[in-house]
Amino acid sequence: MTVSRRAFALGTAAVAAVAALPAHAQSNLSAEDRAVLARAQTYLQGLTSAEGTFVETSGAQRRQGRFYLQRPGRMRFEYTDPAGLLVVSDGSNVKRYDPRLNVFRQVPLGQTPLSTFLARTVRLDQGVRIDRVTRMASGAFAITARDNRRPNDGSVVLAFAGDPVRLQEWTIIDAQGGRTRTQLTTLRPASGLSASLFQLRDPTTRPRRN
């Protein structure tokens, strides 16, 4: 079954992050903009194992839940509203299970926006195009980027704030202009995360009877 990039927008909209897209170094970026990108890259590279909670909004829909991160390659989003919805990256594939519809889908990790963020080395100086770097007097900043290979597929806006800096939210804008906003209500380092968090078997399959 074909799964659209939007179906995994957190689906995978949640870090994603956290769907962090790499940024193509461009001549129109100022020295201050490049400094912001370097600061974001250093932060994201250091975010190797974490957990927290999120609120995701898309149009009139509002979802929330908990997420877990373990780089390279692994993330888990557990939705509590709607209850039971799961999105799991096991390092090779991103899997999504909706118990209300009893539907299980998966796509290769490399075909989702999560792939760059979950890489062993996060690079913000190659791969896609930076549309905008927004810097605020408070020190907060936002980076708007799109995949250089598929520029018409939409974009992602990553918002950072705080001292030390912290990823606060991101918004994925699809090719039709639809927006999925994910706010990280908590985000903290985590250690000793169980490997089982990043495993998801297809619950819709049943063992064959002899």
# chains A, B, ... in the order shown; residues from 1 in each chain; ligands from 1
>>> closest_atom_pairs(of="segment 164-196 of chain A", to="segment 56-70 of chain A", cutoff="10 Å", atoms="only C-alpha atoms", output="Markdown table")
| residue | atom | partner | partner_atom | distance |
| --- | --- | --- | --- | --- |
| A:Glu169 | CA | A:Glu56 | CA | 9.5 |
| A:Trp170 | CA | A:Glu56 | CA | 9.7 |
| A:Thr171 | CA | A:Glu56 | CA | 9.4 |
| A:Ile172 | CA | A:Ser58 | CA | 9.7 |
| A:Gly178 | CA | A:Ser58 | CA | 7.7 |
| A:Arg179 | CA | A:Ser58 | CA | 5.9 |
| A:Thr180 | CA | A:Ser58 | CA | 4.6 |
| A:Arg181 | CA | A:Thr57 | CA | 5.2 |
| A:Thr182 | CA | A:Glu56 | CA | 4.3 |
| A:Gln183 | CA | A:Glu56 | CA | 6.4 |
| A:Leu184 | CA | A:Glu56 | CA | 8.8 |
| A:Thr185 | CA | A:Arg66 | CA | 9.6 |
| A:Thr186 | CA | A:Arg66 | CA | 9.1 |
| A:Leu187 | CA | A:Phe67 | CA | 9.0 |
| A:Arg188 | CA | A:Tyr68 | CA | 9.9 |
| A:Pro189 | CA | A:Leu69 | CA | 9.2 |
| A:Ala190 | CA | A:Tyr68 | CA | 8.4 |
| A:Ser191 | CA | A:Gln70 | CA | 9.1 |
| A:Gly192 | CA | A:Gln70 | CA | 9.9 |
| A:Leu193 | CA | A:Gln70 | CA | 7.9 |
| A:Ser194 | CA | A:Gln70 | CA | 10.0 |
| A:Ala195 | CA | A:Gln70 | CA | 9.4 |
>>> write_last_selection(atoms="N, CA and C atoms", output="CSV table (one decimal), in the first residue's frame")
chain,number,residue,atom,x,y,z
A,169,GLU,N,9.0,23.7,18.6
A,169,GLU,CA,7.9,23.2,17.8
A,169,GLU,C,8.3,23.1,16.3
A,170,TRP,N,7.5,22.5,15.5
A,170,TRP,CA,7.8,22.5,14.0
A,170,TRP,C,6.4,22.5,13.3
A,171,THR,N,6.4,23.0,12.1
A,171,THR,CA,5.2,23.0,11.3
A,171,THR,C,5.6,22.4,10.0
A,172,ILE,N,4.8,21.4,9.5
A,172,ILE,CA,5.0,20.8,8.2
A,172,ILE,C,3.9,21.3,7.3
A,178,GLY,N,-1.6,22.6,3.3
A,178,GLY,CA,-2.1,22.2,4.6
A,178,GLY,C,-1.0,22.2,5.6
A,179,ARG,N,-1.3,22.6,6.8
A,179,ARG,CA,-0.3,22.7,7.9
A,179,ARG,C,-0.6,21.7,9.0
A,180,THR,N,0.5,21.1,9.5
A,180,THR,CA,0.5,20.3,10.7
A,180,THR,C,1.5,20.8,11.7
A,181,ARG,N,1.0,21.3,12.8
A,181,ARG,CA,1.9,22.0,13.8
A,181,ARG,C,2.1,21.0,15.0
A,182,THR,N,3.3,20.8,15.4
A,182,THR,CA,3.6,20.0,16.5
A,182,THR,C,4.4,20.8,17.5
A,183,GLN,N,3.8,21.0,18.7
A,183,GLN,CA,4.4,21.7,19.8
A,183,GLN,C,4.9,20.7,20.8
A,184,LEU,N,6.2,20.9,21.2
A,184,LEU,CA,6.8,20.0,22.2
A,184,LEU,C,6.5,20.6,23.6
A,185,THR,N,5.6,20.0,24.3
A,185,THR,CA,5.2,20.6,25.6
A,185,THR,C,6.2,20.2,26.6
A,186,THR,N,6.9,19.1,26.5
A,186,THR,CA,8.1,18.8,27.3
A,186,THR,C,9.1,18.1,26.4
A,187,LEU,N,10.4,18.2,26.8
A,187,LEU,CA,11.4,17.6,26.0
A,187,LEU,C,12.6,17.5,27.0
A,188,ARG,N,13.1,16.2,27.3
A,188,ARG,CA,14.2,16.1,28.2
A,188,ARG,C,15.0,14.9,27.8
A,189,PRO,N,16.3,14.9,28.2
A,189,PRO,CA,17.2,13.8,27.8
A,189,PRO,C,16.7,12.5,28.5
A,190,ALA,N,16.9,11.4,27.9
A,190,ALA,CA,16.5,10.1,28.4
A,190,ALA,C,17.6,9.1,28.2
A,191,SER,N,17.7,8.2,29.2
A,191,SER,CA,18.8,7.1,29.1
A,191,SER,C,18.1,5.8,29.4
A,192,GLY,N,18.7,4.8,28.8
A,192,GLY,CA,18.2,3.4,29.1
A,192,GLY,C,16.8,3.1,28.5
A,193,LEU,N,16.5,3.8,27.4
A,193,LEU,CA,15.2,3.5,26.7
A,193,LEU,C,15.2,2.0,26.2
A,194,SER,N,14.1,1.4,26.4
A,194,SER,CA,14.0,0.0,26.1
A,194,SER,C,13.9,-0.2,24.5
A,195,ALA,N,14.7,-1.2,24.0
A,195,ALA,CA,14.6,-1.4,22.6
A,195,ALA,C,13.2,-1.8,22.1
>>> residues_around(residues="Thr42 of chain A", least_positions_apart="5", cutoff="9 Å", atoms="only C-alpha atoms", output="PyMOL selection string")
chain A and resi 37+47+122
>>> closest_residue(among="A:Gln111, A:Gln41, A:Glu78, A:Arg120", to="Tyr97 of chain A", atoms="only C-alpha atoms")
A:Glu78
>>> atom_distance(atom1="atom CA of Gly162 of chain A", atom2="atom CA of Thr80 of chain A")
27.5 Å
>>> residues_around(residues="Ala159 of chain A", least_positions_apart="6", cutoff="12 Å", atoms="only C-alpha atoms", output="JSON, numbers by chain")
{"A": [15, 16, 17, 18, 19, 20, 36, 37, 40, 132, 133, 134, 135, 136, 139, 140, 141, 142, 143, 144, 145, 165, 166, 167, 168, 169, 170, 171, 172, 181, 182, 183, 184]}
>>> atom_distance(atom1="atom CA of Ser196 of chain A", atom2="atom CA of Lys95 of chain A")
13.9 Å
>>> atom_distance(atom1="atom CA of Ala38 of chain A", atom2="atom CA of Phe77 of chain A")
27.4 Å
>>> select_by_dssp(residues="segment 61-209 of chain A", states="helix (DSSP H, G or I)", output="list in words")
Leu109, Gly110, Gln111, Leu114, Ser115, Thr116, Phe117, Pro151, Asn152, Asp153, Ala195, Ser196, Leu197 and Phe198 of chain A
>>> select_by_dssp(residues="segment 38-206 of chain A", states="strand (DSSP E or B)", output="MDAnalysis selection string")
chainID A and resid 49:58 61:70 74:81 83:90 93:98 103:108 128:135 141:147 154:161 166:174 179:189
